[in-house]
Structure formats: C-alpha cells, structure tokens
file model_23.txt (compact mmCIF, C-alpha atoms)
# COMPACT_ATOMS: atom_id res chain seq x y z
CA MET A 272 207.76 299.34 5.69
CA THR A 273 209.07 296.99 3.03
CA ILE A 274 209.54 298.06 -0.57
CA GLN A 275 206.57 295.92 -1.59
CA GLN A 276 204.35 297.63 0.99
CA PHE A 277 205.55 301.03 -0.22
CA LEU A 278 204.75 300.15 -3.84
CA GLU A 279 201.31 298.88 -2.80
CA SER A 280 200.64 302.18 -1.03
CA VAL A 281 201.71 304.06 -4.20
CA GLU A 282 199.28 301.96 -6.26
CA ALA A 283 196.56 302.65 -3.69
CA THR A 284 196.85 306.44 -3.92
CA GLY A 285 193.88 308.25 -5.42
CA ILE A 286 195.67 309.36 -8.58
CA ALA A 287 197.18 305.91 -9.29
CA THR A 288 193.82 304.22 -8.73
CA TRP A 289 192.11 306.75 -10.99
CA VAL A 290 194.62 306.29 -13.84
CA ARG A 291 194.32 302.48 -13.56
CA GLU A 292 190.60 302.01 -12.98
CA SER A 293 188.59 305.03 -14.12
CA PRO A 294 186.52 304.36 -17.26
CA SER A 295 187.13 308.02 -18.21
CA TYR A 296 189.00 308.63 -21.47
CA PHE A 297 191.25 311.04 -19.59
CA ALA A 298 192.54 308.32 -17.27
CA TYR A 299 194.66 305.47 -18.66
CA VAL A 300 194.03 305.91 -22.39
CA PHE A 301 194.76 309.64 -22.50
CA VAL A 302 197.92 309.25 -20.39
CA THR A 303 199.20 306.44 -22.60
CA SER A 304 198.40 308.54 -25.71
CA CYS A 305 200.41 311.43 -24.29
CA HIS A 306 203.26 308.96 -23.71
CA ALA A 307 203.15 307.94 -27.41
CA ILE A 308 203.03 311.57 -28.60
CA GLY A 309 205.92 312.60 -26.35
CA LEU A 310 207.99 309.67 -27.57
CA ALA A 311 207.35 310.64 -31.20
CA VAL A 312 208.29 314.29 -30.66
CA LEU A 313 211.43 313.51 -28.65
CA ALA A 314 212.80 310.50 -30.53
CA GLY A 315 211.57 311.74 -33.92
CA LEU A 316 213.10 315.21 -33.78
CA ASN A 317 216.32 313.96 -32.16
CA THR A 318 216.65 311.36 -34.94
CA THR A 319 216.15 314.03 -37.61
CA VAL A 320 218.89 316.17 -36.03
CA ALA A 321 221.13 313.10 -35.73
CA LEU A 322 220.61 312.14 -39.39
CA ARG A 323 221.53 315.69 -40.45
CA MET A 324 224.74 315.43 -38.38
CA LEU A 325 225.48 312.09 -40.04
CA GLY A 326 225.31 313.65 -43.50
CA ALA A 327 221.66 313.76 -44.61
CA ALA A 328 220.18 316.97 -46.11
CA LYS A 329 223.52 318.84 -46.13
CA SER A 330 221.84 322.04 -47.39
CA LEU A 331 220.21 322.35 -43.96
CA PRO A 332 222.44 324.57 -41.76
CA LEU A 333 223.28 322.72 -38.52
CA ALA A 334 223.11 325.98 -36.55
CA SER A 335 219.48 326.50 -37.58
CA MET A 336 218.48 323.20 -35.93
CA ARG A 337 219.23 324.52 -32.44
CA GLY A 338 215.68 325.86 -32.35
CA LEU A 339 214.31 322.29 -32.35
CA PHE A 340 215.83 321.35 -28.97
CA PRO A 341 213.15 323.06 -26.83
CA ALA A 342 210.47 320.99 -28.61
CA MET A 343 212.44 317.81 -27.81
CA TRP A 344 212.51 318.76 -24.11
CA VAL A 345 208.74 319.34 -24.21
CA GLY A 346 208.41 315.77 -25.49
CA PHE A 347 210.81 314.54 -22.81
CA TRP A 348 208.98 316.17 -19.88
CA LEU A 349 205.59 315.14 -21.26
CA ASN A 350 206.87 311.57 -21.12
CA VAL A 351 208.35 311.93 -17.65
CA ALA A 352 204.97 313.18 -16.38
CA SER A 353 202.87 310.56 -18.21
CA GLY A 354 205.45 307.86 -17.43
CA VAL A 355 205.35 308.59 -13.69
CA LEU A 356 201.52 308.31 -13.75
CA LEU A 357 201.65 305.00 -15.65
CA LEU A 358 204.32 303.69 -13.27
CA MET A 359 202.33 304.69 -10.18
CA ALA A 360 199.28 302.88 -11.59
CA ASN A 361 201.24 299.61 -11.88
CA ALA A 362 204.29 300.11 -9.64
CA LYS A 363 204.71 296.53 -8.41
CA GLY A 364 204.22 294.97 -11.83
CA MET A 365 206.56 297.35 -13.68
CA LEU A 366 209.39 297.30 -11.14
CA ALA A 367 209.35 293.49 -11.18
CA LEU A 368 210.30 293.51 -14.88
CA PRO A 369 214.07 293.49 -15.62
CA ILE A 370 213.40 295.07 -19.04
CA PHE A 371 211.90 298.15 -17.32
CA TYR A 372 215.30 298.97 -15.77
CA PHE A 373 216.91 298.71 -19.21
CA LYS A 374 214.28 301.14 -20.52
CA ILE A 375 214.95 303.65 -17.73
CA SER A 376 218.71 303.33 -18.31
CA PHE A 377 218.29 304.05 -22.02
CA ILE A 378 216.13 307.10 -21.21
CA VAL A 379 218.65 308.52 -18.70
CA LEU A 380 221.46 308.02 -21.22
CA GLY A 381 219.33 309.47 -24.03
CA ALA A 382 218.50 312.57 -21.99
CA LEU A 383 222.14 313.09 -20.96
CA ASN A 384 223.18 312.71 -24.59
CA LEU A 385 220.49 315.19 -25.67
CA ARG A 386 221.73 317.71 -23.12
CA TYR A 387 225.31 317.16 -24.32
CA LEU A 388 224.23 317.68 -27.95
CA GLN A 389 222.43 320.90 -27.04
CA LYS A 390 224.97 322.42 -24.63
CA ARG A 391 228.27 321.16 -26.06
CA VAL A 392 227.94 319.99 -29.65
CA PHE A 393 225.51 322.63 -30.94
CA THR A 394 227.52 325.42 -29.29
CA ASN A 395 230.74 324.32 -31.02
CA GLU A 396 231.65 327.28 -33.24
CA THR A 397 233.81 325.16 -35.54
CA MET A 398 230.98 322.76 -36.26
CA LEU A 399 228.47 325.55 -36.81
CA ALA A 400 230.87 327.51 -39.05
CA THR A 401 231.91 324.54 -41.21
CA ASN A 402 228.36 323.11 -41.11
CA THR A 403 229.90 319.65 -40.63
CA ALA A 404 229.86 317.41 -37.57
CA ASP A 405 233.25 315.94 -36.65
CA SER A 406 233.63 312.33 -35.61
CA PRO A 407 233.12 312.84 -31.82
CA ALA A 408 229.91 314.75 -32.63
CA ARG A 409 228.83 312.01 -35.04
CA ARG A 410 229.31 309.52 -32.22
CA ASN A 411 226.73 311.47 -30.19
CA ALA A 412 224.39 311.40 -33.19
CA TRP A 413 224.63 307.60 -33.40
CA LEU A 414 224.13 307.38 -29.63
CA ALA A 415 220.92 309.44 -29.86
CA ILE A 416 219.45 306.95 -32.35
CA PHE A 417 220.70 303.99 -30.29
CA PHE A 418 219.46 305.24 -26.90
CA TRP A 419 215.97 306.27 -28.06
CA GLY A 420 215.66 303.11 -30.16
CA GLY A 421 216.64 301.06 -27.11
CA ALA A 422 214.12 302.88 -24.91
CA LEU A 423 211.39 302.26 -27.51
CA VAL A 424 212.16 298.53 -27.83
CA CYS A 425 212.41 297.98 -24.06
CA GLY A 426 209.29 300.06 -23.42
CA ARG A 427 207.26 297.95 -25.82
CA LEU A 428 208.69 294.75 -24.32
CA THR A 429 207.33 295.66 -20.86
CA ALA A 430 203.97 294.58 -22.33
CA TYR A 431 205.44 291.09 -23.01
CA PRO A 432 206.84 289.83 -19.70
CA GLY A 433 209.09 286.80 -20.11
CA LEU A 434 209.31 287.07 -23.92
CA ILE A 435 213.08 287.66 -23.97
CA SER A 436 213.68 284.85 -21.45
CA ARG A 437 211.66 282.43 -23.58
CA LEU A 438 213.41 283.47 -26.81
CA LEU A 439 216.83 283.09 -25.19
CA GLY A 440 215.77 279.84 -23.56
CA ILE A 441 216.64 280.98 -20.04
CA GLY A 442 214.27 279.87 -17.31
CA SER A 443 212.34 282.21 -15.07
CA MET B 343 183.08 294.20 -44.72
CA GLU B 344 182.61 290.53 -43.85
CA ALA B 345 184.09 289.70 -47.27
CA SER B 346 187.10 292.00 -46.71
CA SER B 347 187.66 290.39 -43.34
CA ASN B 348 187.54 286.90 -44.84
CA TRP B 349 189.95 287.90 -47.59
CA LEU B 350 192.40 289.41 -45.07
CA ALA B 351 192.13 286.29 -42.90
CA SER B 352 192.76 284.08 -45.94
CA LEU B 353 196.24 285.61 -46.30
CA GLY B 354 197.23 283.46 -43.32
CA LEU B 355 199.26 286.11 -41.48
CA ALA B 356 197.69 285.15 -38.14
CA HIS B 357 199.35 281.75 -38.49
CA TYR B 358 202.81 283.37 -38.50
CA MET B 359 201.86 285.78 -35.72
CA ASN B 360 200.90 282.75 -33.63
CA GLN B 361 203.91 280.67 -34.60
CA TYR B 362 206.50 283.39 -33.87
CA GLU B 363 205.55 285.23 -30.70
CA TRP B 364 208.20 287.91 -31.33
CA LEU B 365 206.61 288.91 -34.64
CA TRP B 366 203.74 290.99 -33.21
CA PRO B 367 205.94 292.97 -30.78
CA LEU B 368 208.47 293.48 -33.61
CA CYS B 369 205.74 294.97 -35.81
CA GLU B 370 204.69 297.17 -32.88
CA VAL B 371 208.23 298.47 -32.41
CA LEU B 372 208.43 299.23 -36.16
CA HIS B 373 204.99 300.88 -36.01
CA PHE B 374 206.04 303.13 -33.09
CA GLY B 375 209.50 303.82 -34.51
CA SER B 376 208.20 304.87 -37.91
CA MET B 377 205.51 306.94 -36.19
CA ALA B 378 208.33 308.80 -34.41
CA LEU B 379 210.18 309.28 -37.73
CA LEU B 380 207.01 310.63 -39.35
CA VAL B 381 206.60 313.15 -36.52
CA GLY B 382 210.33 313.96 -36.59
CA THR B 383 210.28 314.82 -40.30
CA ILE B 384 206.78 316.03 -41.29
CA GLY B 385 206.15 317.36 -37.76
CA ALA B 386 209.43 319.32 -37.94
CA MET B 387 208.19 320.94 -41.18
CA ASP B 388 204.89 321.80 -39.50
CA LEU B 389 206.63 323.34 -36.48
CA ARG B 390 208.94 325.40 -38.70
CA ILE B 391 206.00 326.68 -40.78
CA LEU B 392 204.25 327.62 -37.54
CA GLY B 393 207.29 329.71 -36.56
CA LEU B 394 209.49 327.46 -34.41
CA ALA B 395 213.24 327.49 -35.23
CA LYS B 396 212.76 330.22 -37.82
CA SER B 397 216.39 330.20 -38.94
CA ILE B 398 215.73 326.83 -40.63
CA PRO B 399 215.30 327.25 -44.42
CA ILE B 400 212.09 325.34 -45.20
CA ALA B 401 213.36 324.14 -48.59
CA ALA B 402 216.29 322.37 -46.86
CA LEU B 403 214.07 320.79 -44.21
CA GLU B 404 211.90 319.47 -47.05
CA ARG B 405 214.76 317.11 -47.92
CA PHE B 406 213.54 314.96 -45.01
CA VAL B 407 210.02 314.55 -46.47
CA PRO B 408 210.95 311.38 -48.46
CA LEU B 409 212.06 309.80 -45.16
CA GLY B 410 208.70 310.74 -43.67
CA ILE B 411 206.93 309.08 -46.61
CA ALA B 412 209.07 305.95 -46.20
CA ALA B 413 208.21 305.90 -42.48
CA PHE B 414 204.52 306.19 -43.36
CA ALA B 415 204.89 303.22 -45.73
CA VAL B 416 206.32 301.16 -42.83
CA ASN B 417 203.33 302.25 -40.73
CA VAL B 418 200.93 301.09 -43.44
CA ALA B 419 202.71 297.74 -43.84
CA THR B 420 202.85 296.98 -40.09
CA GLY B 421 199.31 298.28 -39.61
CA PHE B 422 198.14 295.93 -42.37
CA ALA B 423 199.94 293.08 -40.56
CA PHE B 424 198.03 293.84 -37.33
CA VAL B 425 194.64 293.77 -39.07
CA ALA B 426 195.27 290.81 -41.38
CA GLY B 427 197.25 288.91 -38.75
CA ASN B 428 194.95 289.60 -35.81
CA VAL B 429 195.49 286.65 -33.45
CA GLY B 430 192.66 287.23 -30.97
CA GLY B 431 189.89 287.14 -33.57
CA PRO B 432 189.04 287.86 -37.21
CA PRO B 433 190.26 291.02 -39.02
CA LEU B 434 186.63 292.13 -38.68
CA ASP B 435 187.37 292.97 -35.04
CA TYR B 436 189.54 295.84 -36.35
CA LEU B 437 187.38 296.78 -39.34
CA SER B 438 184.29 297.17 -37.15
CA ASN B 439 186.15 298.92 -34.30
CA LEU B 440 185.01 302.58 -34.09
CA SER B 441 188.43 303.85 -32.90
CA PHE B 442 190.12 302.05 -35.81
CA ARG B 443 187.65 303.52 -38.30
CA LEU B 444 188.13 307.04 -36.97
CA LYS B 445 191.91 306.55 -37.13
CA MET B 446 191.67 305.50 -40.80
CA MET B 447 189.36 308.43 -41.56
CA LEU B 448 191.81 310.86 -39.95
CA ILE B 449 194.67 309.45 -42.06
CA VAL B 450 192.59 310.13 -45.19
CA VAL B 451 191.92 313.66 -43.90
CA ALA B 452 195.69 314.08 -43.37
CA GLY B 453 196.15 313.07 -47.01
CA PHE B 454 193.72 315.75 -48.19
CA ASN B 455 195.51 318.25 -45.96
CA VAL B 456 198.83 317.47 -47.67
CA LEU B 457 197.10 317.64 -51.05
CA ALA B 458 195.75 321.13 -50.21
CA PHE B 459 199.28 322.21 -49.22
CA TYR B 460 200.59 321.31 -52.69
CA VAL B 461 197.52 322.06 -54.86
CA PHE B 462 197.10 325.62 -53.55
CA GLY B 463 200.75 326.42 -54.18
CA LEU B 464 201.50 326.78 -50.49
CA ALA B 465 204.34 324.25 -50.67
CA ARG B 466 206.10 326.22 -53.41
CA GLU B 467 205.64 329.47 -51.50
CA ALA B 468 206.90 327.87 -48.28
CA ALA B 469 210.00 326.51 -50.02
CA ALA B 470 210.87 330.05 -51.11
CA ILE B 471 210.78 331.39 -47.54
CA GLN B 472 214.21 332.53 -46.46
CA PRO B 473 215.73 331.77 -43.02
CA GLY B 474 213.99 334.00 -40.50
CA GLY B 475 210.96 334.46 -42.73
CA SER B 476 207.36 333.62 -41.86
CA ALA B 477 204.86 331.49 -43.75
CA ARG B 478 201.54 333.07 -44.58
CA PRO B 479 198.45 332.26 -42.46
CA ALA B 480 197.00 329.71 -44.92
CA ALA B 481 200.19 327.62 -44.67
CA LYS B 482 200.14 327.93 -40.89
CA VAL B 483 196.56 326.65 -40.78
CA ILE B 484 197.58 323.59 -42.84
CA ALA B 485 200.61 322.98 -40.59
CA ALA B 486 198.51 323.30 -37.42
CA LEU B 487 195.89 320.94 -38.89
CA SER B 488 198.63 318.45 -39.74
CA ILE B 489 199.84 318.40 -36.12
CA VAL B 490 196.30 318.09 -34.71
CA ILE B 491 195.34 315.35 -37.19
CA TRP B 492 198.46 313.22 -36.53
CA MET B 493 198.00 313.61 -32.77
CA GLY B 494 194.44 312.42 -33.31
CA VAL B 495 195.72 309.45 -35.32
CA ILE B 496 197.99 308.50 -32.41
CA CYS B 497 195.17 308.91 -29.85
CA PHE B 498 192.66 306.85 -31.84
CA GLY B 499 195.38 304.28 -32.47
CA ARG B 500 195.84 303.86 -28.73
CA LEU B 501 192.06 303.76 -28.31
CA ILE B 502 191.63 300.70 -30.56
CA MET B 503 192.45 298.37 -27.66
CA TYR B 504 190.22 300.40 -25.32
CA ASN B 505 187.33 300.96 -27.72
CA ASP B 506 184.84 300.53 -24.84
CA VAL B 507 186.20 303.74 -23.32
CA LEU B 508 185.33 305.62 -26.52
CA LEU B 509 181.87 304.04 -26.80
CA GLU B 510 181.21 304.87 -23.14
CA ALA B 511 182.36 308.47 -23.65
CA LEU B 512 180.02 308.78 -26.64
CA GLY B 513 177.19 307.27 -24.62
CA VAL B 514 176.71 304.37 -27.05
CA GLY B 515 178.37 301.60 -25.05
CA GLY B 516 177.18 299.41 -22.24
CA PRO B 517 178.65 299.72 -18.75
CA ILE B 518 182.28 298.67 -18.57
CA PRO B 519 182.64 295.60 -16.34
CA GLN B 520 185.04 296.33 -13.51

call {"tool": "encode", "arguments": {"input": "model_23.txt", "output": "structure tokens"}}
result
Amino acid sequence: MTIQQFLESVEATGIATWVRESPSYFAYVFVTSCHAIGLAVLAGLNTTVALRMLGAAKSLPLASMRGLFPAMWVGFWLNVASGVLLLMANAKGMLALPIFYFKISFIVLGALNLRYLQKRVFTNETMLATNTADSPARRNAWLAIFFWGGALVCGRLTAYPGLISRLLGIGS
Amino acid sequence: MEASSNWLASLGLAHYMNQYEWLWPLCEVLHFGSMALLVGTIGAMDLRILGLAKSIPIAALERFVPLGIAAFAVNVATGFAFVAGNVGGPPLDYLSNLSFRLKMMLIVVAGFNVLAFYVFGLAREAAAIQPGGSARPAAKVIAALSIVIWMGVICFGRLIMYNDVLLEALGVGGPIPQ
C-alpha cells in the first residue's frame, strides 16, 4: 500500500466522510469552530502569561498564574482532537501542502515550550519568590508568542495554497 | 440595508483586496490573533471569577482588560474590512447573512453583559476579592454568560461561510447540493 492509497483509505473512513460531507452542523462547521475556540484558549492564555513574564501587569503574582496552565492544556487537546478530524477529512490535500508541516512544527515546539514553562519555569522558587522572570525564562515567554503566532499564520495559510510561492516568485 | 451595502462598497476596499491577494489572509490572521488575545485577557478574568486559579488577585488580572479592548478594536477593524472589502460579491452578502447577523447581535449582547458587570457594582466588588476568595453568584453568572456568548460569537463567525448549514438546521433552507 502506497502512502497515497493509505491517505485515500483514511479519507474514505466513515468518520472522515461524515466530517467532510454531512450537512449536519455538528460535522465540519462544529469541528472547525472547536478548533478556533481551542486556539483562542491556548494561544490567548499562554500569551497573557508570557506578557506578564515580560513585564506587563507586575502587580499580578507570577505564582498565581500556575492555575491557568490546565485550561491551556484543555485548549491544546481540544485542538488535537478537532485537528485530527479535520486532517482525516482532507488528508491528501493537507499533507501535500508544505505550509502544513510548518504549522505542525510550530505546534510541537509550542507544546514543548508550554510544558517547559509549566514544569520548569513556573516551579522555579527564585522566580516565584522575586515575582520576576529572569532572562532565560523571558526567552521562553517570547518563544510562546512566536510559536503560537507561527502556528496561527501557517494554519490560516493552508487555506491559500501557493500564496507564499506566488508572493516569493518561486514556481510550483 | 441596500443603501448601507452601497455605501460600504463605495469605500473601494474590495479593489485593494483584489489587487493584493495577501491582504485578505493578513486580515484573517489579525482577526484570529486578536480573537485569541480577547479570550486570553477577558476570558482569563471570566475563568478566575468562576473559580479557576483562585490565587490570582482579580484586581491585578484586570490590568489586562485594556489589552482585551485593544484586541476587540482590531477585530472590529478587520471585520469591517471583510464586509466592506468583500471580493466575492457586495457587502450585502454579509449584511443579509443570518449567521453574520446573529454574530453581530451576540456581540451587542456581550456589550450589555459587560455593562451589567460594571453598572451593578459587580466589577468593584470583584476587584476587592482577595487571592483565594470567591466571587458572588451574580458575578459568576455574568462571567459564565461572557464565556458562552464569546464562544457563540466564534461559532457564528465560522458559520458565515457555511450559512446554508444553519438555514438547513433551522429548517428554512433548501436542500444543500452535494
């Protein structure tokens, strides 16, 4: 079985066909809405935490923000689930787009960075006691904004195949 | 509505949207990004009022509200660009779209919700809540409504391009051609 045949069989599964073709609200439109909500919760809350680390709203204790991480992971897993459904519905088309691999890379890096922030940075007693993020921690804050921003841009660009190639003047 | 559509079309934004093919996707990225910022700031307030991350002092979290308002302004500006600069047809296509209308109505409802939060003194009470403290039920209702309304705004926003799905679900549309 070639990769193309495998992807075709994924697209032909009942669930992928339903997401792609059902006129029900709960098929494509609901899944894509969940994807937008998950993105907002994950990228939005992570950006707020990052901005606090970078010096905004200094009266907000860094330690108190630890309670926001579980909500970010809810957003992340909501988007993994909805993203897998959307990918299954259009596996061949998506995986043929170079920009899709950039998007996935940004998401993997963003998730690893989020885990690092939660498990390493926000457990650092010095940072929590002084209520100030040091420069390595601030680097992770910038990376959070960069990775989620990159995932957002690349995700949107999957709806515009060939746009980047045309803008850069490289043939395809 | 016809007149509003003509006025919006007369602004000539569609010309630029057509001329620069990166302009529409750029506005979309800004629309999504500021949506995320709105959820990350105002939504964080809502979650805290509902009892998540209780060690956060609400008054300090409120410092992020101006950023949420700025993000909303970007949403309004880019949203205006989509309607006035609609490339596939006249702005009327948006103005007469049921999903779009419901989205706009929900945004107005969200405005009244915020107004209620401030007018009834709930905002002042919430700001006085110490770390670990709970907001009273009225504030929690407003916070829960805020989350539900903004999720509805996102859902109806996504529905604009699939308005037939909504009409079909409501039983007012024709059969969707396969």

call {"tool": "residues_near_point", "arguments": {"input": "model_23.txt", "point": "(214.2, 321.8, -33.3)", "cutoff": "8 Å", "atoms": "only C-alpha atoms", "output": "PyMOL selection string"}}
result
(chain A and resi 316+320+336-343) or (chain B and resi 386+394-395)

call {"tool": "residues_around", "arguments": {"input": "model_23.txt", "residues": "Val450 (chain B)", "least_positions_apart": "6", "cutoff": "10 Å", "atoms": "only C-alpha atoms", "output": "JSON, numbers by chain"}}
result
{"B": [444, 456, 491]}

call {"tool": "atom_distance", "arguments": {"input": "model_23.txt", "atom1": "CA of Ile496 (chain B)", "atom2": "CA of Ala307 (chain A)"}}
result
7.2 Å

call {"tool": "atom_distance", "arguments": {"input": "model_23.txt", "atom1": "CA of Ile375 (chain A)", "atom2": "CA of Val281 (chain A)"}}
result
18.9 Å

call {"tool": "closest_atom_pairs", "arguments": {"input": "model_23.txt", "of": "chain A", "to": "chain B", "cutoff": "6 Å", "atoms": "only C-alpha atoms", "output": "tab-separated table"}}
result
residue	atom	partner	partner_atom	distance
A:Tyr296	CA	B:Val507	CA	5.9
A:Ser304	CA	B:Cys497	CA	5.3
A:Ala311	CA	B:Ala378	CA	3.8
A:Gly315	CA	B:Gly382	CA	3.7
A:Leu316	CA	B:Gly382	CA	4.1
A:Thr319	CA	B:Gly382	CA	5.9
A:Ala328	CA	B:Arg405	CA	5.7
A:Ser330	CA	B:Ala402	CA	5.6
A:Leu331	CA	B:Ala402	CA	4.9
A:Ser335	CA	B:Ile398	CA	4.8
A:Gly338	CA	B:Ala395	CA	4.1

call {"tool": "residues_near_point", "arguments": {"input": "model_23.txt", "point": "(196.8, 309.4, -38.3)", "cutoff": "6 Å", "atoms": "all atoms listed in the file", "output": "PyMOL selection string"}}
result
chain B and resi 445+448-449+492+495

call {"tool": "residues_around", "arguments": {"input": "model_23.txt", "residues": "region 344-348 of chain A", "least_positions_apart": "5", "cutoff": "6 Å", "atoms": "all atoms listed in the file", "output": "number ranges by chain"}}
result
A: 309, 312-313

call {"tool": "closest_residue", "arguments": {"input": "model_23.txt", "among": "B:Met446, B:Cys369, B:Val461, B:Val451", "to": "Val416 (chain B)", "atoms": "all atoms listed in the file"}}
result
B:Cys369

call {"tool": "atom_distance", "arguments": {"input": "model_23.txt", "atom1": "CA of Val302 (chain A)", "atom2": "CA of Ser353 (chain A)"}}
result
5.6 Å

call {"tool": "residues_around", "arguments": {"input": "model_23.txt", "residues": "Gly420 (chain A)", "least_positions_apart": "5", "cutoff": "9 Å", "atoms": "only C-alpha atoms", "output": "list in words"}}
result
Ala314, Phe377, Ala415 and Cys425 of chain A; Gly375 of chain B

call {"tool": "closest_residue", "arguments": {"input": "model_23.txt", "among": "A:Ala352, A:Leu388, A:Ala400, A:Leu358", "to": "Ala334 (chain A)", "atoms": "all atoms listed in the file"}}
result
A:Ala400

call {"tool": "closest_residue", "arguments": {"input": "model_23.txt", "among": "A:Ala287, A:Met324, A:Leu278, A:Leu333", "to": "Ala362 (chain A)", "atoms": "only C-alpha atoms"}}
result
A:Leu278

call {"tool": "decode", "arguments": {"input": "model_23.txt", "residues": "region 336-361 of chain A", "atoms": "N, CA and C atoms", "output": "JSON list (two decimals), in the first residue's frame"}}
result
[["chain", "number", "residue", "atom", "x", "y", "z"],
["A", 336, "MET", "N", -0.44, 32.48, 38.56],
["A", 336, "MET", "CA", -0.83, 32.15, 37.18],
["A", 336, "MET", "C", -0.69, 30.67, 36.86],
["A", 337, "ARG", "N", -0.08, 29.92, 37.79],
["A", 337, "ARG", "CA", 0.08, 28.47, 37.54],
["A", 337, "ARG", "C", -1.25, 27.79, 37.31],
["A", 338, "GLY", "N", -2.31, 28.33, 37.95],
["A", 338, "GLY", "CA", -3.63, 27.73, 37.84],
["A", 338, "GLY", "C", -4.23, 27.84, 36.44],
["A", 339, "LEU", "N", -3.61, 28.66, 35.55],
["A", 339, "LEU", "CA", -4.15, 28.81, 34.20],
["A", 339, "LEU", "C", -3.66, 27.72, 33.25],
["A", 340, "PHE", "N", -2.57, 27.02, 33.63],
["A", 340, "PHE", "CA", -1.99, 26.02, 32.71],
["A", 340, "PHE", "C", -2.96, 24.88, 32.36],
["A", 341, "PRO", "N", -3.72, 24.35, 33.33],
["A", 341, "PRO", "CA", -4.66, 23.28, 32.95],
["A", 341, "PRO", "C", -5.65, 23.72, 31.86],
["A", 342, "ALA", "N", -6.11, 24.99, 31.92],
["A", 342, "ALA", "CA", -7.04, 25.48, 30.90],
["A", 342, "ALA", "C", -6.35, 25.50, 29.52],
["A", 343, "MET", "N", -5.05, 25.87, 29.51],
["A", 343, "MET", "CA", -4.31, 25.87, 28.24],
["A", 343, "MET", "C", -4.23, 24.47, 27.66],
["A", 344, "TRP", "N", -4.02, 23.47, 28.52],
["A", 344, "TRP", "CA", -3.94, 22.08, 28.02],
["A", 344, "TRP", "C", -5.30, 21.59, 27.53],
["A", 345, "VAL", "N", -6.38, 22.10, 28.14],
["A", 345, "VAL", "CA", -7.72, 21.75, 27.61],
["A", 345, "VAL", "C", -7.84, 22.28, 26.17],
["A", 346, "GLY", "N", -7.41, 23.54, 25.97],
["A", 346, "GLY", "CA", -7.42, 24.10, 24.63],
["A", 346, "GLY", "C", -6.55, 23.31, 23.68],
["A", 347, "PHE", "N", -5.36, 22.90, 24.15],
["A", 347, "PHE", "CA", -4.44, 22.12, 23.31],
["A", 347, "PHE", "C", -5.07, 20.81, 22.87],
["A", 348, "TRP", "N", -5.62, 20.04, 23.81],
["A", 348, "TRP", "CA", -6.17, 18.72, 23.46],
["A", 348, "TRP", "C", -7.45, 18.83, 22.65],
["A", 349, "LEU", "N", -8.22, 19.90, 22.91],
["A", 349, "LEU", "CA", -9.40, 20.15, 22.06],
["A", 349, "LEU", "C", -8.95, 20.33, 20.60],
["A", 350, "ASN", "N", -7.83, 21.02, 20.42],
["A", 350, "ASN", "CA", -7.34, 21.26, 19.07],
["A", 350, "ASN", "C", -6.66, 20.06, 18.45],
["A", 351, "VAL", "N", -6.06, 19.21, 19.27],
["A", 351, "VAL", "CA", -5.51, 17.95, 18.74],
["A", 351, "VAL", "C", -6.67, 17.11, 18.21],
["A", 352, "ALA", "N", -7.73, 16.98, 19.02],
["A", 352, "ALA", "CA", -8.88, 16.15, 18.63],
["A", 352, "ALA", "C", -9.57, 16.70, 17.37],
["A", 353, "SER", "N", -9.88, 18.02, 17.40],
["A", 353, "SER", "CA", -10.57, 18.60, 16.23],
["A", 353, "SER", "C", -9.64, 18.64, 15.02],
["A", 354, "GLY", "N", -8.34, 18.87, 15.28],
["A", 354, "GLY", "CA", -7.37, 18.90, 14.18],
["A", 354, "GLY", "C", -7.22, 17.55, 13.50],
["A", 355, "VAL", "N", -7.21, 16.47, 14.28],
["A", 355, "VAL", "CA", -7.11, 15.12, 13.70],
["A", 355, "VAL", "C", -8.32, 14.85, 12.81],
["A", 356, "LEU", "N", -9.52, 15.24, 13.28],
["A", 356, "LEU", "CA", -10.75, 15.04, 12.48],
["A", 356, "LEU", "C", -10.67, 15.82, 11.17],
["A", 357, "LEU", "N", -10.23, 17.10, 11.26],
["A", 357, "LEU", "CA", -10.14, 17.92, 10.04],
["A", 357, "LEU", "C", -9.09, 17.37, 9.09],
["A", 358, "LEU", "N", -7.99, 16.84, 9.66],
["A", 358, "LEU", "CA", -6.93, 16.26, 8.81],
["A", 358, "LEU", "C", -7.41, 14.99, 8.13],
["A", 359, "MET", "N", -8.13, 14.14, 8.88],
["A", 359, "MET", "CA", -8.65, 12.90, 8.29],
["A", 359, "MET", "C", -9.60, 13.20, 7.13],
["A", 360, "ALA", "N", -10.39, 14.28, 7.29],
["A", 360, "ALA", "CA", -11.38, 14.63, 6.26],
["A", 360, "ALA", "C", -10.72, 15.08, 4.96],
["A", 361, "ASN", "N", -9.48, 15.57, 5.05],
["A", 361, "ASN", "CA", -8.79, 16.10, 3.86],
["A", 361, "ASN", "C", -7.31, 15.74, 3.93]]
